[in-house]
$ cat structure_12.cif   # mmCIF, C-alpha atoms and all ligand atoms
data_my_file
loop_
_atom_site.label_atom_id
_atom_site.label_comp_id
_atom_site.auth_asym_id
_atom_site.auth_seq_id
_atom_site.Cartn_x
_atom_site.Cartn_y
_atom_site.Cartn_z
CA MET A 1 -170.73 74.66 27.55
CA ILE A 2 -174.23 74.53 26.15
CA ASN A 3 -176.58 71.89 27.41
CA ILE A 4 -178.54 70.82 24.39
CA GLY A 5 -182.18 70.59 25.32
CA GLN A 6 -181.80 72.83 28.33
CA ARG A 7 -184.61 75.34 28.71
CA GLY A 8 -183.82 79.02 28.43
CA THR A 9 -181.90 81.24 26.09
CA CYS A 10 -178.38 80.56 24.89
CA TYR A 11 -176.16 83.32 23.63
CA ILE A 12 -173.42 82.19 21.27
CA ASP A 13 -170.56 84.28 19.95
CA ALA A 14 -171.17 85.24 16.32
CA THR A 15 -167.92 83.58 15.28
CA ALA A 16 -168.64 80.32 13.53
CA VAL A 17 -167.80 77.34 15.69
CA GLN A 18 -166.56 74.20 14.04
CA ARG A 19 -165.55 71.06 15.88
CA THR A 20 -164.22 67.92 14.30
CA PHE A 21 -165.06 64.72 16.04
CA THR A 22 -162.86 61.67 15.50
CA PHE A 23 -164.38 58.29 16.12
CA LYS A 24 -162.39 55.27 17.19
CA VAL A 25 -163.31 51.64 16.72
CA ALA A 26 -164.10 49.84 19.99
CA THR A 27 -161.43 47.44 21.23
CA PRO A 28 -162.44 43.86 20.36
CA ALA A 29 -163.82 41.94 23.33
CA LEU A 30 -162.42 38.43 23.71
CA ALA A 31 -164.12 35.40 25.24
CA SER A 32 -161.96 32.34 25.85
CA LEU A 33 -162.91 28.71 26.14
CA ALA A 34 -160.41 26.23 27.53
CA LEU A 35 -159.81 23.16 25.40
CA ALA A 36 -157.83 20.05 26.30
CA GLY A 37 -154.15 19.88 25.39
CA ASN A 38 -153.39 23.46 26.48
CA GLN A 39 -155.49 24.75 23.60
CA ILE A 40 -157.80 27.69 23.80
CA GLN A 41 -160.71 28.84 21.65
CA ILE A 42 -160.98 32.60 21.33
CA THR A 43 -164.16 34.36 20.20
CA ALA A 44 -163.87 38.06 19.35
CA THR A 45 -166.64 40.63 19.10
CA CYS A 46 -166.48 44.32 18.25
CA ALA A 47 -169.07 46.80 19.51
CA THR A 48 -168.53 49.18 16.57
CA VAL A 49 -171.11 48.39 13.89
CA GLY A 50 -169.53 47.66 10.52
CA ALA A 51 -165.98 47.30 11.82
CA THR A 52 -163.75 44.56 10.44
CA MET A 53 -161.52 42.71 12.90
CA ARG A 54 -158.10 41.58 11.70
CA TYR A 55 -155.62 39.47 13.61
CA THR A 56 -152.05 38.21 13.67
CA THR A 57 -150.41 35.22 15.34
CA ASP A 58 -146.78 36.35 14.95
CA GLY A 59 -146.82 38.91 17.76
CA SER A 60 -147.06 41.95 15.45
CA ASP A 61 -149.85 44.51 15.75
CA PRO A 62 -152.57 43.90 13.13
CA THR A 63 -152.75 46.19 10.10
CA VAL A 64 -155.38 46.74 7.40
CA SER A 65 -153.79 43.90 5.45
CA SER A 66 -153.80 41.32 8.28
CA THR A 67 -156.06 38.29 8.18
CA ILE A 68 -159.76 39.05 8.68
CA TYR A 69 -161.36 37.47 11.73
CA SER A 70 -164.54 35.64 10.74
CA ALA A 71 -164.97 32.75 13.18
CA PRO A 72 -163.67 31.58 16.59
CA LEU A 73 -160.01 30.54 16.50
CA THR A 74 -158.30 27.64 18.24
CA LEU A 75 -154.78 28.44 19.42
CA ASN A 76 -152.14 26.95 21.64
CA ASN A 77 -151.71 28.64 25.05
CA THR A 78 -148.25 29.79 24.03
CA ALA A 79 -149.31 31.27 20.68
CA ALA A 80 -149.39 35.00 20.19
CA PHE A 81 -152.72 36.48 19.18
CA LYS A 82 -153.42 40.13 18.49
CA ILE A 83 -156.64 41.53 17.09
CA ARG A 84 -157.79 45.01 16.20
CA GLY A 85 -160.90 46.60 14.68
CA PHE A 86 -160.82 48.73 11.50
CA LEU A 87 -163.49 50.93 9.87
CA THR A 88 -163.17 53.56 7.15
CA ASP A 89 -162.90 57.11 8.56
CA TYR A 90 -162.48 55.69 12.08
CA VAL A 91 -159.29 55.46 14.10
CA ASP A 92 -158.15 51.84 14.41
CA SER A 93 -159.11 50.22 17.70
CA ASP A 94 -156.67 49.41 20.46
CA VAL A 95 -155.11 45.97 20.26
CA ALA A 96 -156.48 43.07 22.31
CA GLY A 97 -155.04 39.59 22.62
CA ARG A 98 -152.31 37.56 24.26
CA LEU A 99 -148.53 37.57 24.17
CA VAL A 100 -145.84 34.99 23.49
CA PRO A 101 -144.33 33.74 26.79
CA PRO A 102 -140.84 34.87 27.75
CA SER A 103 -137.81 32.73 26.95
CA PHE A 104 -135.15 31.57 29.45
CA SER A 105 -131.48 31.47 28.41
CA ILE A 106 -130.92 28.33 30.50
CA ALA A 107 -133.50 25.62 31.07
CA GLY A 108 -134.07 24.44 34.62
CA GLY A 109 -132.14 21.52 36.05
CA THR A 110 -129.51 20.62 38.63
CA PHE A 111 -126.32 22.69 38.64
CA PHE A 112 -123.00 22.71 40.47
CA ASN A 113 -122.37 26.46 40.17
CA ASP A 114 -124.31 29.69 40.31
CA GLN A 115 -126.18 30.31 37.07
CA SER A 116 -126.99 33.57 35.27
CA VAL A 117 -130.39 33.21 33.69
CA THR A 118 -131.58 35.80 31.18
CA ILE A 119 -135.32 36.14 30.67
CA THR A 120 -136.52 37.81 27.49
CA ALA A 121 -140.02 38.94 26.57
CA PRO A 122 -141.16 39.23 22.93
CA SER A 123 -140.40 42.52 21.21
CA GLY A 124 -142.31 45.43 22.66
CA ALA A 125 -143.43 43.59 25.80
CA SER A 126 -142.19 43.92 29.36
CA LEU A 127 -141.88 41.20 31.99
CA LYS A 128 -143.34 40.18 35.31
CA ILE A 129 -140.97 37.89 37.19
CA LEU A 130 -141.26 36.07 40.50
CA GLN A 131 -138.35 34.23 42.12
CA SER A 132 -139.30 31.88 44.91
CA ASN A 133 -138.37 28.79 46.81
CA ARG A 134 -139.57 25.38 45.79
CA ASN A 135 -143.20 24.44 46.06
CA TYR A 136 -143.86 21.60 48.52
CA LEU A 137 -147.00 20.67 46.55
CA ASP A 138 -147.10 19.32 43.00
CA SER A 139 -150.45 19.80 41.26
CA SER A 140 -149.00 18.63 37.93
CA THR A 141 -149.93 15.16 39.21
CA TRP A 142 -153.67 15.83 38.80
CA ILE A 143 -155.06 13.44 36.18
CA LEU A 144 -157.44 15.06 33.71
CA GLY A 145 -160.83 13.35 33.47
CA THR A 146 -160.55 11.51 36.80
CA GLN A 147 -162.48 11.87 40.07
CA GLY A 148 -161.54 11.69 43.74
CA ASN A 149 -158.03 11.32 45.13
CA GLN A 150 -155.05 12.56 43.13
CA PRO A 151 -151.38 11.78 43.79
CA GLY A 152 -150.39 13.90 46.80
CA PHE A 153 -153.96 15.15 47.39
CA ALA A 154 -156.63 13.21 49.30
CA ALA A 155 -160.09 14.22 48.06
CA ASN A 156 -162.49 15.60 50.66
CA GLY A 157 -165.95 15.01 49.18
CA THR A 158 -168.78 12.82 50.46
CA THR A 159 -168.43 10.98 47.13
CA ALA A 160 -165.49 10.72 44.74
CA ALA A 161 -167.54 12.55 42.12
CA GLU A 162 -167.53 15.70 44.27
CA ASN A 163 -163.95 16.13 43.05
CA GLN A 164 -163.26 16.16 39.32
CA ILE A 165 -160.15 17.11 37.37
CA GLU A 166 -161.16 19.27 34.42
CA THR A 167 -159.85 21.63 31.76
CA GLY A 168 -160.52 25.30 32.42
CA LEU A 169 -159.10 28.81 32.30
CA ASN A 170 -156.62 29.92 34.95
CA PRO A 171 -156.43 33.54 36.24
CA TYR A 172 -154.17 34.40 33.26
CA GLY A 173 -156.75 33.18 30.74
CA SER A 174 -154.71 30.12 29.76
CA SER A 175 -156.19 26.68 29.33
CA THR A 176 -155.04 24.43 32.14
CA THR A 177 -155.95 21.56 34.45
CA LEU A 178 -158.19 22.57 37.35
CA TRP A 179 -159.50 20.73 40.40
CA ALA A 180 -163.29 21.20 40.44
CA ALA A 181 -165.32 20.71 43.63
CA TYR A 182 -168.95 19.76 43.02
CA ASN A 183 -171.61 19.90 45.70
CA MET A 184 -173.84 16.91 44.91
CA ASP A 185 -176.17 16.91 47.92
CA THR A 186 -178.83 19.21 49.31
CA PHE A 187 -178.65 18.45 53.00
CA SER A 188 -177.38 20.99 55.48
CA GLY A 189 -175.09 20.12 58.34
CA GLU A 190 -172.78 17.09 58.48
CA PRO A 191 -171.42 15.39 56.51
CA GLY A 192 -170.67 18.79 55.06
CA GLN A 193 -167.68 18.20 52.82
CA ASP A 194 -168.34 19.10 49.18
CA GLY A 195 -164.93 18.80 47.60
CA GLY A 196 -161.35 19.95 48.03
CA TRP A 197 -158.34 18.22 49.53
CA ASN A 198 -156.03 17.34 52.35
CA SER A 199 -152.54 17.27 50.85
CA THR A 200 -150.11 14.53 51.76
CA SER A 201 -148.06 15.58 54.80
CA PHE A 202 -144.69 17.16 54.07
CA ALA A 203 -141.73 17.99 56.31
CA VAL A 204 -141.24 21.57 57.50
CA ASP A 205 -138.51 23.41 59.39
CA ARG A 206 -140.34 24.99 62.34
CA THR A 207 -137.66 27.69 62.65
CA LYS A 208 -138.68 29.05 59.22
CA SER A 209 -141.62 31.01 57.81
CA TYR A 210 -143.91 29.53 55.15
CA ARG A 211 -146.48 30.86 52.74
CA PHE A 212 -149.49 28.76 51.75
CA SER A 213 -151.52 29.78 48.72
CA VAL A 214 -154.08 28.56 46.21
CA TRP A 215 -156.22 30.20 43.52
CA ILE A 216 -159.97 29.55 43.91
CA LYS A 217 -162.98 30.50 41.79
CA LYS A 218 -166.51 29.73 42.95
CA THR A 219 -169.43 29.62 40.53
CA GLY A 220 -173.10 28.60 40.36
CA GLY A 221 -174.31 30.04 43.68
CA ALA A 222 -173.24 31.43 47.04
CA SER A 223 -174.31 28.41 49.09
CA GLY A 224 -171.45 26.85 51.03
CA SER A 225 -168.20 28.13 52.49
CA THR A 226 -164.61 28.09 51.31
CA TYR A 227 -161.98 26.91 53.80
CA PHE A 228 -158.20 27.21 53.42
CA GLY A 229 -155.85 25.92 56.09
CA CYS A 230 -152.94 23.78 57.22
CA GLY A 231 -152.57 20.53 59.16
CA TRP A 232 -154.57 19.84 62.31
CA ASP A 233 -152.64 20.38 65.56
CA THR A 234 -149.49 21.64 63.77
CA VAL A 235 -149.74 25.36 64.55
CA SER A 236 -150.56 27.81 67.31
CA SER A 237 -152.43 31.07 67.09
CA LEU A 238 -150.21 34.17 67.33
CA THR A 239 -150.34 34.60 71.08
CA GLY A 240 -147.95 37.57 71.30
CA SER A 241 -145.59 35.59 73.52
CA ALA A 242 -143.56 32.39 73.27
CA SER A 243 -146.57 30.52 74.66
CA GLU A 244 -148.65 28.28 72.40
CA THR A 245 -152.36 27.78 71.89
CA VAL A 246 -152.68 24.68 69.75
CA ASN A 247 -155.21 25.07 66.97
CA GLY A 248 -156.95 21.77 66.25
CA ASN A 249 -158.54 22.96 63.00
CA PRO A 250 -156.54 25.93 61.68
CA TYR A 251 -157.81 28.01 58.76
CA PHE A 252 -156.01 30.99 57.23
CA TRP A 253 -159.36 32.10 55.86
CA SER A 254 -162.90 30.79 55.57
CA GLY A 255 -166.02 32.44 54.26
CA THR A 256 -168.12 33.15 51.20
CA LEU A 257 -166.08 34.04 48.14
CA PRO A 258 -167.52 36.47 45.57
CA LEU A 259 -168.67 34.44 42.57
CA ASN A 260 -167.22 34.00 39.08
CA GLU A 261 -163.78 35.49 39.63
CA TRP A 262 -160.46 34.03 40.65
CA HIS A 263 -159.14 34.83 44.12
CA LEU A 264 -155.69 34.06 45.51
CA LEU A 265 -155.93 32.82 49.10
CA VAL A 266 -152.67 33.39 51.01
CA GLY A 267 -151.75 32.35 54.56
CA TYR A 268 -148.49 32.58 56.52
CA ILE A 269 -147.05 30.39 59.24
CA HIS A 270 -144.44 32.09 61.44
CA PRO A 271 -141.52 30.32 63.15
CA ALA A 272 -142.15 28.50 66.44
CA GLY A 273 -141.80 30.82 69.41
CA ASP A 274 -142.65 33.93 67.36
CA THR A 275 -143.93 36.69 69.63
CA THR A 276 -145.43 38.98 66.96
CA THR A 277 -149.15 39.48 66.44
CA THR A 278 -149.38 40.97 62.94
CA HIS A 279 -151.34 38.89 60.41
CA TYR A 280 -150.17 39.15 56.80
CA GLY A 281 -152.35 36.55 55.07
CA LYS A 282 -154.99 37.85 52.68
CA VAL A 283 -157.46 36.92 50.00
CA TYR A 284 -156.60 38.81 46.82
CA LYS A 285 -158.65 39.51 43.73
CA SER A 286 -156.86 38.79 40.44
CA ASP A 287 -155.89 42.46 40.05
CA GLY A 288 -153.92 42.23 43.30
CA THR A 289 -156.37 44.20 45.44
CA VAL A 290 -157.30 42.77 48.83
CA ALA A 291 -160.72 41.17 49.17
CA PHE A 292 -160.37 39.88 52.75
CA ASN A 293 -157.81 39.76 55.54
CA GLY A 294 -156.68 36.37 56.82
CA THR A 295 -155.27 34.73 59.94
CA ASP A 296 -151.60 33.79 60.43
CA PHE A 297 -150.25 31.07 62.73
CA LYS A 298 -146.90 29.95 64.13
CA TRP A 299 -145.41 26.48 64.23
CA LEU A 300 -145.58 24.51 67.46
CA ASN A 301 -142.28 23.74 69.17
CA THR A 302 -142.90 20.08 68.28
CA THR A 303 -144.09 20.37 64.67
CA THR A 304 -142.17 18.44 61.99
CA THR A 305 -144.81 18.03 59.27
CA THR A 306 -148.02 19.64 58.09
CA GLN A 307 -150.52 19.56 55.22
CA GLN A 308 -152.36 22.02 53.04
CA ARG A 309 -156.16 21.83 53.27
CA ALA A 310 -158.56 23.55 50.84
CA TYR A 311 -162.30 22.86 50.79
CA LEU A 312 -165.82 23.66 49.73
CA TYR A 313 -168.09 22.88 52.68
CA TYR A 314 -171.78 22.96 53.68
CA SER A 315 -173.22 23.83 50.26
CA THR A 316 -176.88 22.88 49.75
CA ASP A 317 -177.02 24.01 46.10
CA THR A 318 -176.04 21.40 43.52
CA ASN A 319 -175.25 24.15 41.00
CA VAL A 320 -172.28 25.29 43.07
CA ARG A 321 -168.77 24.59 41.78
CA GLN A 322 -165.48 25.63 43.27
CA TYR A 323 -162.38 25.52 41.07
CA PHE A 324 -158.85 25.28 42.49
CA TRP A 325 -155.59 26.05 40.67
CA ASN A 326 -151.90 26.13 41.51
CA PRO A 327 -151.75 25.21 45.21
CA LYS A 328 -148.41 26.17 46.73
CA VAL A 329 -146.47 25.95 49.98
CA GLU A 330 -143.16 27.80 49.99
CA GLU A 331 -140.57 28.76 52.56
CA VAL A 332 -140.35 32.57 52.64
CA SER A 333 -137.97 35.13 54.14
CA SER A 334 -140.62 37.87 54.27
CA TYR A 335 -144.35 38.15 54.87
CA THR A 336 -144.68 41.01 52.41
CA GLY A 337 -143.24 39.47 49.27
CA THR A 338 -145.29 39.20 46.10
CA PRO A 339 -147.43 36.07 46.41
CA ASP A 340 -148.02 35.56 42.68
CA VAL A 341 -146.25 36.55 39.48
CA LEU A 342 -149.51 38.16 38.30
CA PHE A 343 -149.01 40.80 41.03
CA ALA A 344 -145.31 41.43 40.31
CA THR A 345 -144.23 44.93 39.29
CA PRO A 346 -143.47 45.02 35.55
CA VAL A 347 -139.82 45.34 34.54
CA SER A 348 -138.15 45.92 31.19
CA SER A 349 -136.98 43.05 29.04
CA PRO A 350 -134.50 41.37 29.12
CA GLN A 351 -133.65 40.67 32.78
CA THR A 352 -130.72 38.63 34.09
CA ILE A 353 -131.02 36.83 37.41
CA THR A 354 -128.27 34.94 39.19
CA VAL A 355 -129.52 31.71 40.69
CA SER A 356 -127.32 30.54 43.53
CA GLY A 357 -127.41 27.74 46.05
CA ASN A 358 -130.67 27.06 47.77
CA SER A 359 -132.15 30.52 47.61
CA GLY A 360 -134.95 31.34 45.25
CA ASN A 361 -134.55 28.50 42.82
CA VAL A 362 -137.89 28.72 41.03
CA ILE A 363 -138.32 31.52 38.50
CA GLN A 364 -141.75 32.23 37.08
CA ALA A 365 -142.24 34.81 34.35
CA VAL A 366 -144.96 36.19 32.08
CA SER A 367 -144.78 38.58 29.18
CA TYR A 368 -146.78 41.69 29.89
CA SER A 369 -147.98 44.74 28.04
CA ALA A 370 -149.62 47.46 30.11
CA THR A 371 -151.39 49.61 27.58
CA PRO A 372 -154.00 50.24 26.51
CA SER A 373 -155.29 47.31 28.52
CA PRO A 374 -153.12 44.61 30.10
CA LEU A 375 -152.05 41.77 27.82
CA TYR A 376 -150.44 38.63 29.22
CA SER A 377 -148.79 35.47 28.04
CA THR A 378 -149.22 32.16 29.76
CA ILE A 379 -146.84 31.64 32.72
CA VAL A 380 -143.53 29.91 32.19
CA SER A 381 -141.52 28.49 35.06
CA GLN A 382 -138.07 26.95 35.45
CA THR A 383 -136.63 25.30 38.56
CA TYR A 384 -132.88 25.56 39.20
CA LEU A 385 -131.53 23.13 41.77
CA SER A 386 -128.10 23.15 43.30
CA GLN A 387 -126.21 19.94 44.03
CA PHE A 388 -126.87 20.46 47.76
CA THR A 389 -130.63 20.67 47.42
CA VAL A 390 -132.77 17.71 48.29
CA SER A 391 -136.46 17.44 47.65
CA ILE A 392 -137.69 18.04 51.20
CA GLY A 393 -135.68 19.61 53.99
CA ARG A 394 -132.26 21.11 53.55
CA PRO A 395 -128.89 20.21 55.07
CA PRO A 396 -126.93 22.89 56.94
CA THR A 397 -124.69 25.00 54.74
CA ASN A 398 -121.56 23.30 56.11
CA ALA A 399 -122.88 19.84 55.31
CA VAL A 400 -120.30 17.37 54.04
CA ILE A 401 -121.52 15.55 50.97
CA PRO A 402 -120.15 11.98 50.89
CA CA B 1 -171.05 16.67 49.84
CA CA B 2 -173.32 19.73 50.52
#

$ encode --input "structure_12.cif" --output "structure tokens"
Amino acid sequence: MINIGQRGTCYIDATAVQRTFTFKVATPALASLALAGNQIQITATCATVGATMRYTTDGSDPTVSSTIYSAPLTLNNTAAFKIRGFLTDYVDSDVAGRLVPPSFSIAGGTFFNDQSVTITAPSGASLKILQSNRNYLDSSTWILGTQGNQPGFAANGTTAAENQIETGLNPYGSSTTLWAAYNMDTFSGEPGQDGGWNSTSFAVDRTKSYRFSVWIKKTGGASGSTYFGCGWDTVSSLTGSASETVNGNPYFWSGTLPLNEWHLLVGYIHPAGDTTTTHYGKVYKSDGTVAFNGTDFKWLNTTTTTQQRAYLYYSTDTNVRQYFWNPKVEEVSSYTGTPDVLFATPVSSPQTITVSGNSGNVIQAVSYSATPSPLYSTIVSQTYLSQFTVSIGRPPTNAVIP
């Protein structure tokens, strides 16, 4: 190698040296703006001077004859969008964009037999799939444009306006309904609540394990702490024996979240009487890497109900916002299962899953393309209920149905 500009003498073989350099157009960068009605506005820019960007909305890779991109586009969340840069004598750029969501062979509903469900991604894409139990929380009740309490979620601000239901981008880049916490005061200390919720209490089986989760993104400033927990006086710390130490204010995690990126906060509650001491809860970044470790609990021997609690607290900066998306509480059979479909290992398309009885009756899926950079669709989800399933709590398997 010769370092151009290096002092000294360079000796080069007399044979002529010729190297051909091939230039490639930079991959278009996409910025998304969430619009109401599950619409999204996409703005594309290309760092290669003189390049023309062309796009498709039918899922095919753009060619030199595809439509030229000239202004921001408004698309539905479920619409395909692929864009690529072209320039004479340059190699075409890699493709950027979003994929069409996968299709399900059978829509969700209530069934009397096991069901085989086939999930199919668009041509050329693979799948990420997550099968889970039902979610005890229902954030589809949040009412866009309103403040304060929402059905199933009691707002935790000092004023109703510290909680607002807005349109925004979820961790998959889709336009969706978010719960936004606003700090609207500058005092420190109590009352310290600056938004978030206490969910309505729901019944739990204290002999089972549960996973609590919620996506949170904080913006505007570091001031204030994030808290994520379960119901007061419903759990014990993991004591390592059958004994209990009642926790009056249990949090799976609290602290200062890094700004401007989505994090998935995950906490586990172990069965009553559990004698283990390993904590599995974590705070994940959206690429699945661990940002922080969390604290697990176990049910008390008397617990029958609990809540989910998620807050912004003690912020003194009125620029701070904290966005919440997709709160969940699920019964789990393992503490090491994938907590979000975004983190699932990609599989080929199509995939057939048998849905039986009470086990794993929610299937979430996204279309996924790994290279050159990850492309996703919006998430699709179907819930398959058996005739023996009721909304909260489950009868024993030998239950007689009248
Ligand atoms: Ca406040
Ligand atoms: Ca405050």

$ atom_distance --input "structure_12.cif" --atom1 "CA of Pro72 (chain A)" --atom2 "CA of Leu87 (chain A)"
20.5 Å

$ atom_distance --input "structure_12.cif" --atom1 "CA of Gly248 (chain A)" --atom2 "CA of Gly231 (chain A)"
8.4 Å

$ closest_residue --input "structure_12.cif" --among "A:Thr303, A:Ser225, A:Asn135, A:Ser349" --to "ligand CA 2 (chain B)" --atoms "all atoms listed in the file"
A:Ser225

$ closest_residue --input "structure_12.cif" --among "A:Leu300, A:Val214, A:Ile40, A:Ala365" --to "Val347 (chain A)" --atoms "only C-alpha atoms"
A:Ala365

$ residues_around --input "structure_12.cif" --residues "region 232-246 of chain A" --least-positions-apart "2" --cutoff "10 Å" --atoms "all atoms listed in the file" --output "number ranges by chain"
A: 206, 229-230, 248-251, 269-279, 295-309

$ decode --input "structure_12.cif" --residues "region 175-222 of chain A" --atoms "C-alpha atoms" --output "mmCIF file, in the first residue's frame"
data_model
loop_
_atom_site.group_PDB
_atom_site.id
_atom_site.type_symbol
_atom_site.label_atom_id
_atom_site.label_comp_id
_atom_site.auth_asym_id
_atom_site.auth_seq_id
_atom_site.Cartn_x
_atom_site.Cartn_y
_atom_site.Cartn_z
ATOM 1 C CA SER A 175 -48.288 5.151 12.556
ATOM 2 C CA THR A 176 -50.267 4.256 15.652
ATOM 3 C CA THR A 177 -51.979 5.548 18.782
ATOM 4 C CA LEU A 178 -49.579 6.366 21.613
ATOM 5 C CA TRP A 179 -50.078 7.422 25.235
ATOM 6 C CA ALA A 180 -47.993 10.576 25.763
ATOM 7 C CA ALA A 181 -46.960 11.707 29.257
ATOM 8 C CA TYR A 182 -46.316 15.445 29.544
ATOM 9 C CA ASN A 183 -44.541 17.023 32.472
ATOM 10 C CA MET A 184 -46.345 20.358 32.920
ATOM 11 C CA ASP A 185 -44.773 21.609 36.157
ATOM 12 C CA THR A 186 -41.330 22.709 37.271
ATOM 13 C CA PHE A 187 -41.405 21.860 40.949
ATOM 14 C CA SER A 188 -39.284 19.100 42.390
ATOM 15 C CA GLY A 189 -40.534 16.642 44.955
ATOM 16 C CA GLU A 190 -44.184 15.731 45.547
ATOM 17 C CA PRO A 191 -46.641 15.713 43.924
ATOM 18 C CA GLY A 192 -44.239 14.126 41.494
ATOM 19 C CA GLN A 193 -46.474 12.307 39.043
ATOM 20 C CA ASP A 194 -46.046 13.518 35.457
ATOM 21 C CA GLY A 195 -48.091 11.034 33.474
ATOM 22 C CA GLY A 196 -48.572 7.321 32.979
ATOM 23 C CA TRP A 197 -51.148 4.923 34.375
ATOM 24 C CA ASN A 198 -52.418 2.469 36.908
ATOM 25 C CA SER A 199 -54.282 -0.184 34.931
ATOM 26 C CA THR A 200 -57.591 -1.516 36.147
ATOM 27 C CA SER A 201 -57.018 -4.546 38.402
ATOM 28 C CA PHE A 202 -57.236 -7.938 36.714
ATOM 29 C CA ALA A 203 -57.397 -11.474 38.110
ATOM 30 C CA VAL A 204 -54.247 -13.592 38.171
ATOM 31 C CA ASP A 205 -53.476 -17.219 39.000
ATOM 32 C CA ARG A 206 -50.755 -16.995 41.658
ATOM 33 C CA THR A 207 -49.496 -20.485 40.763
ATOM 34 C CA LYS A 208 -48.471 -19.202 37.303
ATOM 35 C CA SER A 209 -45.715 -16.975 35.912
ATOM 36 C CA TYR A 210 -46.488 -13.681 34.185
ATOM 37 C CA ARG A 211 -44.633 -11.278 31.955
ATOM 38 C CA PHE A 212 -45.339 -7.542 32.100
ATOM 39 C CA SER A 213 -44.103 -5.337 29.285
ATOM 40 C CA VAL A 214 -44.500 -1.932 27.669
ATOM 41 C CA TRP A 215 -42.615 0.045 25.018
ATOM 42 C CA ILE A 216 -41.470 3.502 26.190
ATOM 43 C CA LYS A 217 -39.693 6.360 24.421
ATOM 44 C CA LYS A 218 -38.619 9.468 26.306
ATOM 45 C CA THR A 219 -37.878 12.733 24.528
ATOM 46 C CA GLY A 220 -37.191 16.409 25.261
ATOM 47 C CA GLY A 221 -34.795 16.044 28.202
ATOM 48 C CA ALA A 222 -33.436 13.667 30.821
#
